[in-house]
>>> print(open('upload.txt').read())   # compact mmCIF, C-alpha atoms and all ligand atoms
# COMPACT_ATOMS: atom_id res chain seq x y z
CA MET A 1 0.00 0.00 0.00
CA ALA A 2 1.33 3.46 -0.93
CA ARG A 3 2.03 5.59 2.11
CA ILE A 4 1.12 9.28 2.14
CA LEU A 5 4.15 11.56 2.49
CA VAL A 6 3.34 14.28 5.02
CA GLY A 7 5.15 17.48 6.03
CA ILE A 8 4.23 19.69 8.97
CA VAL A 9 4.81 23.43 8.94
CA GLY A 10 4.60 24.88 12.47
CA TYR A 11 5.80 22.68 15.30
CA GLY A 12 4.12 23.99 18.45
CA THR A 13 1.21 22.72 20.59
CA ILE A 14 -0.69 21.20 17.66
CA GLY A 15 2.13 20.51 15.17
CA ARG A 16 4.14 18.46 17.65
CA ARG A 17 1.19 16.25 18.48
CA VAL A 18 0.13 15.82 14.87
CA ALA A 19 3.73 14.86 13.98
CA GLU A 20 3.71 12.12 16.58
CA ALA A 21 0.26 10.94 15.46
CA VAL A 22 1.38 10.76 11.80
CA MET A 23 4.36 8.65 12.84
CA ALA A 24 1.99 6.19 14.55
CA GLN A 25 0.10 5.47 11.28
CA ASP A 26 0.99 2.66 8.88
CA ASP A 27 -0.41 4.49 5.84
CA MET A 28 1.56 7.73 6.13
CA ASP A 29 5.17 8.84 6.62
CA LEU A 30 6.38 12.05 8.24
CA VAL A 31 9.02 13.58 5.96
CA GLY A 32 9.82 16.47 8.28
CA VAL A 33 8.71 19.49 10.24
CA ALA A 34 9.33 23.21 9.72
CA LYS A 35 10.06 25.67 12.50
CA THR A 36 11.17 29.28 12.74
CA ARG A 37 13.16 29.15 15.98
CA PRO A 38 15.81 26.71 17.24
CA ASP A 39 14.14 26.40 20.63
CA TYR A 40 13.74 23.38 22.94
CA ALA A 41 11.08 21.87 20.66
CA ALA A 42 13.49 21.99 17.71
CA ILE A 43 16.24 20.40 19.82
CA GLN A 44 13.88 17.62 20.93
CA ALA A 45 12.68 17.04 17.35
CA SER A 46 16.26 16.85 16.14
CA ARG A 47 17.19 14.37 18.87
CA ALA A 48 14.17 12.27 17.93
CA GLY A 49 15.58 12.07 14.37
CA LEU A 50 12.92 14.20 12.66
CA GLY A 51 13.86 16.09 9.50
CA ILE A 52 14.00 19.80 10.37
CA TYR A 53 13.22 22.43 7.75
CA VAL A 54 13.31 26.24 8.00
CA PRO A 55 11.22 28.92 6.24
CA LYS A 56 14.32 30.81 4.98
CA PRO A 57 17.87 29.52 4.26
CA GLU A 58 19.42 32.27 6.44
CA LEU A 59 17.72 30.77 9.54
CA ALA A 60 19.70 27.53 9.19
CA GLU A 61 22.81 28.98 10.85
CA ALA A 62 21.01 29.72 14.13
CA PHE A 63 19.62 26.17 14.18
CA GLU A 64 23.00 24.60 13.43
CA SER A 65 24.66 26.64 16.20
CA SER A 66 22.06 25.23 18.63
CA GLY A 67 23.06 21.75 17.51
CA VAL A 68 19.98 21.26 15.31
CA LYS A 69 20.82 19.86 11.89
CA VAL A 70 18.71 21.44 9.15
CA LYS A 71 17.63 19.33 6.15
CA GLY A 72 16.46 22.20 3.99
CA THR A 73 13.90 24.92 3.51
CA VAL A 74 10.10 24.74 3.59
CA GLU A 75 10.26 24.70 -0.23
CA ASP A 76 12.48 21.60 -0.09
CA LEU A 77 9.97 19.97 2.25
CA LEU A 78 7.08 20.87 -0.04
CA SER A 79 8.84 19.40 -3.07
CA THR A 80 8.91 15.99 -1.33
CA VAL A 81 5.50 15.69 0.37
CA GLN A 82 1.97 15.05 -0.90
CA VAL A 83 0.15 16.61 2.06
CA VAL A 84 1.21 19.55 4.22
CA VAL A 85 -0.33 20.09 7.64
CA ASP A 86 -0.07 23.77 8.48
CA ALA A 87 0.05 24.25 12.26
CA THR A 88 1.52 27.73 12.33
CA PRO A 89 0.00 30.43 14.59
CA ALA A 90 -3.44 31.73 13.60
CA GLY A 91 -3.28 33.76 10.40
CA VAL A 92 0.20 32.61 9.32
CA GLY A 93 -1.17 29.60 7.43
CA SER A 94 -3.00 31.76 4.91
CA SER A 95 0.28 33.54 4.08
CA TYR A 96 1.74 30.16 3.09
CA LYS A 97 -1.21 29.20 0.89
CA SER A 98 0.21 30.42 -2.42
CA LEU A 99 3.49 28.57 -1.78
CA TYR A 100 1.67 25.33 -0.92
CA THR A 101 -0.51 25.70 -4.01
CA ARG A 102 2.50 26.39 -6.26
CA HIS A 103 4.04 23.12 -5.07
CA GLY A 104 0.81 21.24 -5.78
CA VAL A 105 0.54 19.78 -2.29
CA LYS A 106 -2.74 19.03 -0.52
CA GLN A 107 -3.25 21.35 2.45
CA VAL A 108 -4.64 20.75 5.94
CA TYR A 109 -5.04 23.99 7.92
CA GLN A 110 -6.07 24.60 11.54
CA GLY A 111 -8.99 26.43 13.09
CA GLY A 112 -7.05 29.67 13.70
CA GLU A 113 -7.24 30.36 9.96
CA LYS A 114 -10.29 31.99 8.41
CA PRO A 115 -12.68 29.49 6.76
CA ASP A 116 -11.89 30.78 3.25
CA VAL A 117 -8.30 29.52 3.52
CA ALA A 118 -9.60 26.11 2.44
CA GLN A 119 -12.26 24.58 0.21
CA VAL A 120 -13.93 22.82 3.16
CA SER A 121 -13.99 23.14 6.95
CA PHE A 122 -13.64 19.69 8.48
CA SER A 123 -15.04 17.59 11.31
CA SER A 124 -14.49 13.83 11.08
CA LEU A 125 -17.88 12.94 12.59
CA CYS A 126 -19.85 15.48 10.54
CA ASN A 127 -18.49 15.84 7.00
CA TYR A 128 -15.52 13.53 6.26
CA GLU A 129 -16.96 12.72 2.81
CA GLU A 130 -16.93 16.39 1.75
CA ALA A 131 -13.15 16.52 2.19
CA ILE A 132 -12.35 13.47 0.06
CA GLY A 133 -9.95 14.45 -2.72
CA LYS A 134 -10.12 18.18 -1.94
CA ASN A 135 -6.96 20.27 -2.34
CA SER A 136 -7.40 22.07 0.97
CA VAL A 137 -9.33 21.57 4.20
CA ARG A 138 -9.43 23.40 7.51
CA VAL A 139 -9.79 21.37 10.69
CA VAL A 140 -12.03 23.57 12.86
CA SER A 141 -10.86 24.85 16.26
CA CYS A 142 -10.80 22.82 19.46
CA ASN A 143 -14.07 24.25 20.84
CA THR A 144 -15.83 23.88 17.51
CA THR A 145 -14.56 20.30 17.16
CA GLY A 146 -16.02 19.51 20.61
CA LEU A 147 -19.37 21.12 19.79
CA LEU A 148 -19.59 19.37 16.41
CA ARG A 149 -18.79 15.95 17.86
CA LEU A 150 -21.69 16.34 20.28
CA ILE A 151 -24.13 17.81 17.77
CA CYS A 152 -23.47 15.30 14.96
CA SER A 153 -23.62 12.34 17.37
CA LEU A 154 -26.99 13.43 18.77
CA ASP A 155 -28.27 14.36 15.32
CA LYS A 156 -27.50 10.90 13.93
CA SER A 157 -30.02 9.10 16.13
CA LEU A 158 -32.25 11.78 17.68
CA GLY A 159 -32.14 14.76 15.30
CA VAL A 160 -31.01 18.23 16.39
CA ARG A 161 -33.17 21.36 15.92
CA SER A 162 -31.18 23.98 17.79
CA VAL A 163 -28.14 24.45 20.01
CA ARG A 164 -27.31 27.03 22.70
CA ALA A 165 -23.83 26.82 24.20
CA PHE A 166 -21.93 28.74 26.84
CA ILE A 167 -18.19 28.28 26.50
CA VAL A 168 -15.68 28.75 29.32
CA ARG A 169 -12.35 29.04 27.56
CA ARG A 170 -8.90 28.35 28.96
CA ALA A 171 -6.66 31.43 28.83
CA ALA A 172 -3.56 29.82 27.34
CA ASP A 173 -1.84 26.49 26.74
CA PRO A 174 0.36 25.29 29.63
CA GLY A 175 3.63 26.32 27.92
CA GLU A 176 2.46 29.84 27.05
CA TYR A 177 4.01 31.85 29.86
CA LYS A 178 3.27 35.28 28.37
CA LYS A 179 -0.51 34.99 27.88
CA GLY A 180 -3.39 35.93 30.19
CA PRO A 181 -5.68 36.86 31.79
CA ILE A 182 -4.22 35.94 35.16
CA ASN A 183 -6.92 37.52 37.31
CA SER A 184 -10.00 38.26 35.30
CA ILE A 185 -12.95 36.76 33.47
CA VAL A 186 -13.01 38.21 29.98
CA LEU A 187 -16.10 38.34 27.77
CA ASP A 188 -14.99 36.81 24.48
CA PRO A 189 -16.37 38.83 22.80
CA PRO A 190 -18.74 41.12 24.77
CA LYS A 191 -21.31 40.78 21.98
CA THR A 192 -23.00 37.48 21.28
CA PRO A 193 -22.83 35.20 19.41
CA SER A 194 -19.17 34.29 19.83
CA HIS A 195 -17.32 33.14 16.71
CA HIS A 196 -17.97 29.49 17.62
CA ALA A 197 -21.54 29.62 16.27
CA HIS A 198 -20.26 30.89 12.90
CA ASP A 199 -17.55 28.25 12.92
CA VAL A 200 -20.04 25.42 13.54
CA LYS A 201 -22.09 26.81 10.65
CA THR A 202 -19.15 26.50 8.26
CA ILE A 203 -20.04 22.79 8.43
CA LEU A 204 -23.71 22.65 9.55
CA LYS A 205 -24.88 25.58 7.44
CA ASP A 206 -28.57 25.56 8.40
CA LEU A 207 -28.23 24.82 12.12
CA ASP A 208 -29.96 27.18 14.57
CA ILE A 209 -27.08 27.79 16.99
CA GLU A 210 -26.05 30.56 19.39
CA THR A 211 -22.89 30.60 21.47
CA ALA A 212 -21.40 32.90 24.10
CA ALA A 213 -17.93 32.62 25.61
CA VAL A 214 -15.74 33.87 28.44
CA ILE A 215 -12.00 33.37 29.00
CA VAL A 216 -10.86 32.33 32.49
CA PRO A 217 -7.40 32.03 34.09
CA THR A 218 -6.71 28.31 33.56
CA THR A 219 -4.56 26.38 31.10
CA LEU A 220 -5.97 22.87 31.46
CA MET A 221 -9.15 22.57 29.40
CA HIS A 222 -12.25 24.36 28.11
CA VAL A 223 -15.69 23.59 29.56
CA HIS A 224 -19.03 24.02 27.72
CA HIS A 225 -22.57 24.10 29.00
CA VAL A 226 -24.71 23.01 26.05
CA ARG A 227 -28.48 22.95 25.56
CA VAL A 228 -29.69 20.99 22.56
CA ARG A 229 -33.26 20.91 21.30
CA LEU A 230 -33.86 17.55 19.64
CA SER A 231 -36.25 16.75 16.81
CA LYS A 232 -38.28 14.52 19.14
CA ARG A 233 -38.84 13.81 22.82
CA ALA A 234 -36.16 11.61 24.33
CA SER A 235 -35.09 10.02 27.59
CA LYS A 236 -31.74 10.26 29.32
CA ARG A 237 -31.18 6.61 28.24
CA ASP A 238 -31.67 7.63 24.56
CA VAL A 239 -29.10 10.40 24.93
CA LEU A 240 -26.63 8.12 26.72
CA ASP A 241 -27.07 5.49 23.97
CA ALA A 242 -26.48 8.09 21.23
CA LEU A 243 -23.30 9.32 22.91
CA SER A 244 -22.03 5.82 23.70
CA GLU A 245 -22.40 4.74 20.08
CA SER A 246 -20.24 7.64 18.95
CA PRO A 247 -16.46 7.45 18.64
CA ARG A 248 -14.29 10.08 20.36
CA ILE A 249 -16.89 10.85 23.03
CA VAL A 250 -16.57 9.54 26.58
CA VAL A 251 -19.39 9.85 29.09
CA LEU A 252 -17.68 10.24 32.43
CA PRO A 253 -19.60 8.58 35.27
CA GLY A 254 -20.22 10.51 38.50
CA ARG A 255 -18.82 7.57 40.51
CA THR A 256 -15.31 8.63 39.39
CA GLY A 257 -15.71 11.66 41.66
CA ILE A 258 -14.44 13.86 38.83
CA LYS A 259 -16.23 17.20 38.68
CA SER A 260 -13.42 19.49 37.53
CA THR A 261 -10.84 19.80 34.78
CA ALA A 262 -8.14 19.64 37.47
CA GLN A 263 -9.18 16.10 38.51
CA LEU A 264 -9.63 15.01 34.91
CA VAL A 265 -6.15 16.12 33.90
CA GLU A 266 -4.67 14.71 37.11
CA ALA A 267 -6.20 11.29 36.30
CA ALA A 268 -4.87 11.52 32.74
CA ARG A 269 -1.37 12.32 34.04
CA PHE A 270 -1.17 8.82 35.46
CA ALA A 271 -2.40 7.14 32.30
CA ARG A 272 -1.58 9.05 29.15
CA PRO A 273 1.53 10.51 27.52
CA ARG A 274 1.47 14.25 28.30
CA ALA A 275 -1.98 13.72 29.91
CA ASP A 276 -3.59 14.27 26.50
CA ILE A 277 -7.38 13.79 26.32
CA PRO A 278 -8.39 13.81 22.62
CA GLU A 279 -11.87 12.50 23.51
CA LEU A 280 -14.75 14.90 24.15
CA VAL A 281 -15.62 14.31 27.82
CA VAL A 282 -19.30 14.59 28.75
CA PHE A 283 -20.09 14.62 32.49
CA GLU A 284 -22.80 11.97 32.94
CA ASP A 285 -24.38 13.49 36.06
CA SER A 286 -24.80 16.82 34.25
CA ILE A 287 -26.98 15.29 31.52
CA SER A 288 -30.55 16.38 32.02
CA VAL A 289 -33.35 15.62 29.55
CA SER A 290 -36.75 17.26 29.63
CA GLY A 291 -39.09 16.54 26.72
CA ASP A 292 -37.05 17.34 23.64
CA GLU A 293 -34.37 19.37 25.43
CA VAL A 294 -31.01 18.03 26.58
CA SER A 295 -28.54 19.98 28.68
CA LEU A 296 -25.08 18.92 29.77
CA PHE A 297 -21.53 19.95 30.65
CA GLN A 298 -18.62 18.82 28.49
CA ALA A 299 -14.86 19.34 28.64
CA VAL A 300 -12.45 19.88 25.74
CA HIS A 301 -8.69 19.33 25.95
CA GLN A 302 -7.58 22.09 23.63
CA GLU A 303 -4.07 20.75 23.04
CA SER A 304 -5.12 17.34 21.71
CA ILE A 305 -8.79 17.20 20.60
CA VAL A 306 -8.04 18.16 16.98
CA VAL A 307 -5.16 15.69 16.55
CA PRO A 308 -7.24 12.68 15.39
CA GLU A 309 -9.23 15.00 13.10
CA ASN A 310 -5.95 16.07 11.44
CA ILE A 311 -5.07 12.43 10.75
CA ASP A 312 -8.50 11.79 9.21
CA ALA A 313 -8.18 15.00 7.18
CA ILE A 314 -4.85 13.80 5.73
CA ARG A 315 -6.50 10.52 4.67
CA ALA A 316 -9.53 12.31 3.22
CA VAL A 317 -7.64 14.84 1.08
CA SER A 318 -5.24 12.21 -0.21
CA GLY A 319 -8.24 10.09 -1.24
CA LEU A 320 -6.63 7.02 0.36
CA GLU A 321 -9.63 6.21 2.55
CA LYS A 322 -13.12 7.09 1.40
CA ASP A 323 -14.95 5.53 4.34
CA PRO A 324 -15.10 7.83 7.40
CA VAL A 325 -15.84 4.96 9.76
CA ARG A 326 -12.73 3.09 8.66
CA SER A 327 -10.49 6.17 8.93
CA ILE A 328 -11.86 7.16 12.33
CA SER A 329 -11.46 3.68 13.78
CA LYS A 330 -7.95 3.27 12.34
CA THR A 331 -6.90 6.63 13.80
CA ASP A 332 -8.48 5.84 17.15
CA GLU A 333 -6.91 2.38 17.40
CA THR A 334 -3.43 3.62 16.57
CA LEU A 335 -3.69 6.58 18.95
CA ARG A 336 -5.56 4.54 21.61
CA ILE A 337 -8.51 6.92 21.73
CA GLY A 338 -12.05 6.18 22.92
CA ARG A 339 -13.99 4.46 25.71
CA LYS A 340 -11.93 1.26 25.40
CA TYR A 341 -8.74 3.17 26.12
CA PHE A 342 -10.09 5.77 28.55
CA PHE A 343 -8.32 6.06 31.85
CA VAL A 344 -11.18 6.03 34.39
P1 LIG B 401 1.90 27.40 18.62
O1 LIG B 401 2.23 28.83 18.78
O2 LIG B 401 1.99 26.49 19.79
O3 LIG B 401 2.85 26.77 17.49
C1 LIG B 401 3.09 27.42 16.26
C2 LIG B 401 4.38 26.91 15.65
O4 LIG B 401 4.55 27.52 14.39
C3 LIG B 401 5.62 27.22 16.46
O5 LIG B 401 6.49 26.10 16.38
C4 LIG B 401 6.28 28.39 15.70
O6 LIG B 401 7.68 28.40 15.84
C5 LIG B 401 5.89 28.01 14.28
N1 LIG B 401 5.89 29.12 13.33
C6 LIG B 401 5.56 30.43 13.55
N2 LIG B 401 5.68 31.12 12.39
C7 LIG B 401 6.06 30.23 11.44
C8 LIG B 401 6.39 30.34 10.06
N3 LIG B 401 6.28 31.51 9.40
N4 LIG B 401 6.78 29.22 9.41
C9 LIG B 401 6.91 28.03 10.04
N5 LIG B 401 6.63 27.87 11.34
C10 LIG B 401 6.22 28.96 12.04
O7 LIG B 401 0.47 27.34 17.95
P2 LIG B 401 -0.65 26.23 18.17
O8 LIG B 401 -1.32 26.47 19.47
O9 LIG B 401 -0.09 24.89 17.89
O10 LIG B 401 -1.71 26.65 17.07
C11 LIG B 401 -1.54 26.30 15.71
C12 LIG B 401 -2.87 26.39 15.01
O11 LIG B 401 -3.75 25.44 15.62
C13 LIG B 401 -3.58 27.74 15.10
O12 LIG B 401 -4.34 27.92 13.93
C14 LIG B 401 -4.52 27.56 16.29
O13 LIG B 401 -5.61 28.42 16.26
C15 LIG B 401 -4.93 26.11 16.09
N6 LIG B 401 -5.39 25.42 17.29
C16 LIG B 401 -4.75 25.59 18.48
C17 LIG B 401 -5.22 24.95 19.61
C18 LIG B 401 -4.58 25.15 20.94
O14 LIG B 401 -5.26 25.08 21.94
N7 LIG B 401 -3.29 25.39 21.03
C19 LIG B 401 -6.31 24.08 19.52
C20 LIG B 401 -6.91 23.87 18.26
C21 LIG B 401 -6.44 24.56 17.16
>>> encode(input="upload.txt", output="structure tokens")
Amino acid sequence: MARILVGIVGYGTIGRRVAEAVMAQDDMDLVGVAKTRPDYAAIQASRAGLGIYVPKPELAEAFESSGVKVKGTVEDLLSTVQVVVDATPAGVGSSYKSLYTRHGVKQVYQGGEKPDVAQVSFSSLCNYEEAIGKNSVRVVSCNTTGLLRLICSLDKSLGVRSVRAFIVRRAADPGEYKKGPINSIVLDPPKTPSHHAHDVKTILKDLDIETAAVIVPTTLMHVHHVRVRLSKRASKRDVLDALSESPRIVVLPGRTGIKSTAQLVEAARFARPRADIPELVVFEDSISVSGDEVSLFQAVHQESIVVPENIDAIRAVSGLEKDPVRSISKTDETLRIGRKYFFV
């Protein structure tokens, strides 16, 4: 079987995890990663034997003097790969688009880019088929990925008429020492809806959805309170069945005693590399169903939730796997994601 040759431009929170996930697949090879600075992540990548590429030839000297061997420029990387995953900071990806296009490589962007950077916005559980064979896709942001996993899973068996979500956002990733707030709750933005509703609608165009968000001083995870109006009356059992049948969603029982992101991440620290939680975690005791309305709390691990979606997106654009179920289960088995592999 031909293996897809993949390059990653941007090697931070998301790029590092996607690189590792690509290396775990038997149908793709990681050719190399591109970075701008010879920092600790570059040193670790170099020690792990990854091919390191730089945006401009003149940057190579700084890398070499930090002991990081450079294989070439981003252009060299692009001339070798079939798919590039752009995981540069929000807005930088679009500035690379013309270069990627000139090299004829398929492009997978992240949710920090505007939707028009790609032909399709992507969520594995909602619209895998739309991305098959496309030249460019954008994996939606971590919060949007979490919302879409919930909505499309409920919609599949119960139908979804409308969604109202309140999003409590983490302020920064754990390594981001310069970001805040450190002592405030920030309306994000003051006006509603927040951008998440628009982002969900890049995939579910006709959905009635409103979202509001605040940013709080934590780095661990986001938490959502979501109210979903279904197409029909349902019981809590129906909702639990719909969520349990869905990949990448874990319903966390109350008996675990976990009622905070701190406990969730602490439990993951003893079970998972880097304490990553790519599953959407729904708190079972928070699920309340009245007539056709469901409400619940869910938690999103911003650093890792989009990683399996990036792997599926690579398969979809390359046209190697046309069946979403097969791609999702292959990704989840190799990355040990899902109820079977959950840590509590
Ligand atoms: P990050 O800042 O952690 O990493 C970005 C990387 O890109 C760094 O290695 C940086 O050196 C590199 N870089 C910067 N400019 C570059 C250039 N011109 N060429 C090559 N490399 C360059 O960013 P991140 O958090 O991984 O975010 C990446 C994307 O993923 C963004 O679109 C973001 O919105 C999205 N995203 C982030 C999260 C999250 O919580 N961190 C979650 C989901 C999606």
>>> atom_distance(input="upload.txt", atom1="atom CA of Ala234 of chain A", atom2="atom CA of Asp292 of chain A")
5.8 Å
>>> atom_distance(input="upload.txt", atom1="atom O11 of ligand LIG 401 (chain B)", atom2="atom CA of Ser327 of chain A")
21.5 Å
>>> closest_residue(input="upload.txt", among="A:Arg102, A:Arg269, A:His224, A:Arg170", to="ligand LIG 401 (chain B)", atoms="all atoms listed in the file")
A:Arg170
>>> residues_near_ligand(input="upload.txt", ligand="ligand LIG 401 (chain B)", cutoff="7 Å", atoms="only C-alpha atoms and all ligand atoms", output="list in words")
Val9, Gly10, Tyr11, Gly12, Thr13, Ile14, Gly15, Ala34, Lys35, Thr36, Arg37, Val54, Pro55, Ala87, Thr88, Pro89, Ala90, Gly91, Val92, Gln110, Gly111, Gly112, Glu113, Ser141, Cys142, Asp173, Gln302, Glu303 and Val306 of chain A
>>> closest_residue(input="upload.txt", among="A:Val85, A:Leu77, A:Val70, A:Leu230", to="Val22 of chain A", atoms="all atoms listed in the file")
A:Val85
>>> residues_around(input="upload.txt", residues="Lys106 of chain A", least_positions_apart="6", cutoff="12 Å", atoms="all atoms listed in the file", output="ChimeraX atom specification")
/A:4-8,78-79,81-86,97-100,118-119,131-138,313-319
>>> closest_residue(input="upload.txt", among="A:Glu245, A:Glu309, A:Glu64, A:Glu130", to="Asp332 of chain A", atoms="all atoms listed in the file")
A:Glu309
>>> atom_distance(input="upload.txt", atom1="atom CA of Gly72 of chain A", atom2="atom CA of Gly32 of chain A")
9.8 Å
>>> closest_residue(input="upload.txt", among="A:Gly338, A:Pro253, A:Gly67, A:Pro57", to="Leu280 of chain A", atoms="all atoms listed in the file")
A:Gly338
>>> axis_aligned_box(input="upload.txt", around="segment 302-318 of chain A", padding_each_side="5 Å", output="AutoDock Vina command-line options")
--center_x -6.8 --center_y 16.3 --center_z 11.7 --size_x 15.5 --size_y 21.6 --size_z 33.8
>>> closest_residue(input="upload.txt", among="A:His198, A:Tyr53, A:Arg17, A:Arg248", to="Lys114 of chain A", atoms="all atoms listed in the file")
A:His198
>>> residues_around(input="upload.txt", residues="segment 282-289 of chain A", least_positions_apart="2", cutoff="6 Å", atoms="all atoms listed in the file", output="ChimeraX atom specification")
/A:236,251-254,293-298
>>> closest_residue(input="upload.txt", among="A:Gly257, A:Leu158, A:Glu210, A:Val325", to="Ser235 of chain A", atoms="all atoms listed in the file")
A:Leu158
